[in-house]
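Take a look at the structure set out below.
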Amino acid sequence: MALSLMLITGQSGSGKSTVLRALEDQGYTCIDNLPVSLVEQLVRVLHAEGAVEHVALGMDARDRRFVEQGPALVTRLRRDGTLARVIYLDAREEVLLRRYSQTRRRHPLDDGCGLRLAIGRERDILEPMRELADETLDTTAMSPHELRARTVERLVGSEGREGLRLALLSFGFKHGLPPEADIVLDVRFLPNPYFEEAMRERTGLDDDVSHYALSTEQGEAFLERAHSFLAYLVPQYQREGKRYLTVAVGCTGGRHRSVAVARELGRRMGSLVAVDLRHRDLGESKS
């Protein structure tokens, strides 16, 4: 069996250590902060011994050569037969600031420039690895327990699995774009239940609210076209070996239209592909 290697990278403070511990609990051999120059040597040894099938490496901007050499390293590993996946963890800046304030740890790129600047500098440095990532996890709203559960569900659960899982994620543009989104659908053109007093405090999970947002000529047309679009894309991504496709559906606040559309697309796509449905901003203030 080919060696399966997960390369866990991303922003400092985004939960890489939590992910590595979760993978270790699932039987992975985990190594944090391995110098990039030693990765291929490690892989050769593991291939030769054949005793280890699943490996996870934590690598990030602590090794400055990693960012420069990482993309070429992944290409070589895959060419030589290693099942290499890049997992990128991210979180909003204000959350990273709070986490560092709580732990009182020094950011690895804070050379006196200050925490906020160090976070921004790291985000820029790691951009090539974010672009290369097979999966992106936004840990902004996750507790350590939730991140461990998501790791097992989304990363470990996809090892060796045939096919692809479609994640439909509703969100509000006022709260920011989801970093993990592969595709973003903007549904702010649909009728907004927020402006109906009887529906304002409710959500797109309520059938009458969903009906108000979707049961119009433009709503039906959009759903038909979006469903056709995704039904076409899923087999294309499957042929490329992609395991998880995240489609983010956004409205203004993430409580009415986006929720209704994500639910209905999930219902329509369920006969074609495994669907995970999440609503990111239902807990946010109403708008």
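Identifiers for the structure tokens are assigned positionally: chains receive A, B, ... in sequence, residues are indexed from 1 per chain, and ligands are indexed from 1 in the order shown.
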
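Neighbouring residues of stretch 142-155 of chain A at 10 Å or closer, counting only C-alpha atoms and skipping chain neighbours under 5 positions away, are Met6, Ser14, Gly15, Lys16, Ser17, Thr18, Val19, Leu20, Arg21, Ala22, Leu23, Asp25, Gln26, Arg85, Ile87, Ala91, Glu135, Leu137, Arg165, Arg243 and Tyr244 of chain A.
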
Selection to disk with C-alpha atoms, as an mmCIF file, in the first residue's frame:
```cif
data_model
loop_
_atom_site.group_PDB
_atom_site.id
_atom_site.type_symbol
_atom_site.label_atom_id
_atom_site.label_comp_id
_atom_site.auth_asym_id
_atom_site.auth_seq_id
_atom_site.Cartn_x
_atom_site.Cartn_y
_atom_site.Cartn_z
ATOM 1 C CA MET A 6 -0.884 14.668 5.274
ATOM 2 C CA SER A 14 -5.223 28.168 13.883
ATOM 3 C CA GLY A 15 -5.148 24.746 15.549
ATOM 4 C CA LYS A 16 -2.433 22.712 13.828
ATOM 5 C CA SER A 17 -1.339 21.123 17.107
ATOM 6 C CA THR A 18 -4.932 20.111 17.854
ATOM 7 C CA VAL A 19 -5.261 18.517 14.416
ATOM 8 C CA LEU A 20 -1.991 16.624 14.842
ATOM 9 C CA ARG A 21 -3.093 15.279 18.230
ATOM 10 C CA ALA A 22 -6.419 14.181 16.744
ATOM 11 C CA LEU A 23 -4.632 12.396 13.907
ATOM 12 C CA ASP A 25 -5.228 9.418 18.286
ATOM 13 C CA GLN A 26 -6.436 7.883 15.008
ATOM 14 C CA ARG A 85 -2.398 15.874 0.771
ATOM 15 C CA ILE A 87 -4.304 20.618 4.658
ATOM 16 C CA ALA A 91 -8.809 31.656 11.197
ATOM 17 C CA GLU A 135 -8.476 21.020 1.937
ATOM 18 C CA LEU A 137 -10.319 24.335 7.390
ATOM 19 C CA ARG A 165 -18.313 14.829 -0.478
ATOM 20 C CA ARG A 243 -12.318 14.385 -1.969
ATOM 21 C CA TYR A 244 -14.160 17.431 -0.624
#
```

### Message
Can you pull out every residue from stretch 32-264 of chain A that DSSP, working from the backbone, puts in helix (DSSP H, G or I), and format the result as a VMD selection string?
### Response
chain A and resid 36 to 49 64 to 79 93 to 103 115 to 125 127 to 132 144 to 156 173 to 175 193 to 195 207 to 214 217 to 239 257 to 264

Contact check, stretch 240-277 of chain A to stretch 201-218 of chain A, at most 7 Å, counting only C-alpha atoms, closest pairs as JSON lines:
```
{"residue": "A:Arg255", "atom": "CA", "partner": "A:Thr203", "partner_atom": "CA", "distance": 5.2}
{"residue": "A:His256", "atom": "CA", "partner": "A:Gly204", "partner_atom": "CA", "distance": 4.2}
{"residue": "A:Arg257", "atom": "CA", "partner": "A:Ala213", "partner_atom": "CA", "distance": 5.8}
{"residue": "A:Val259", "atom": "CA", "partner": "A:Gly204", "partner_atom": "CA", "distance": 4.9}
{"residue": "A:Ala260", "atom": "CA", "partner": "A:Gly204", "partner_atom": "CA", "distance": 4.5}
```

### Query
Tell me, which residues of stretch 24-221 of chain A carry DSSP strand (DSSP E), written as a PyMOL selection string?
chain A and resi 29-32+54-58+83-90+135-138+165-172+183-186

### Task
Would you mind listing what lies within 8 Å of A:Ala181 as a PyMOL selection string, with only C-alpha atoms counted and same-chain residues fewer than 4 positions away left out?
chain A and resi 136+177+246-248

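The residue set within 9 Å of stretch 268-280 of chain A, counting only C-alpha atoms and dropping same-chain residues fewer than 3 places from it, reads A:Ala141, A:Gly163, A:Leu164, A:Arg165, A:Leu166, A:Ala167, A:Leu168, A:Leu169, A:Ser170, A:Phe171, A:Gly172, A:Pro178, A:His227, A:Leu230, A:Ala231, A:Val234, A:Gly254, A:Arg255, A:Ser258, A:Val259, A:Ala262, A:Arg263, A:Glu264, A:Leu265, A:Gly283, A:Glu284.
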
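If only C-alpha atoms are the atoms counted, then among A:Asp111, A:Glu127, A:Glu122, A:Glu40 the closest residue to A:Ala61 is A:Glu122.
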
### Message
Just want the 12 Å neighbourhood of stretch 70-82 of chain A, counted on only C-alpha atoms, with same-chain residues fewer than 4 positions away dropped. Output as a count of residues only.
### Response
43

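Atom pair atom CA of A:Arg267 / atom CA of A:Asp138 has a distance of 24.5 Å (rounded to one decimal).
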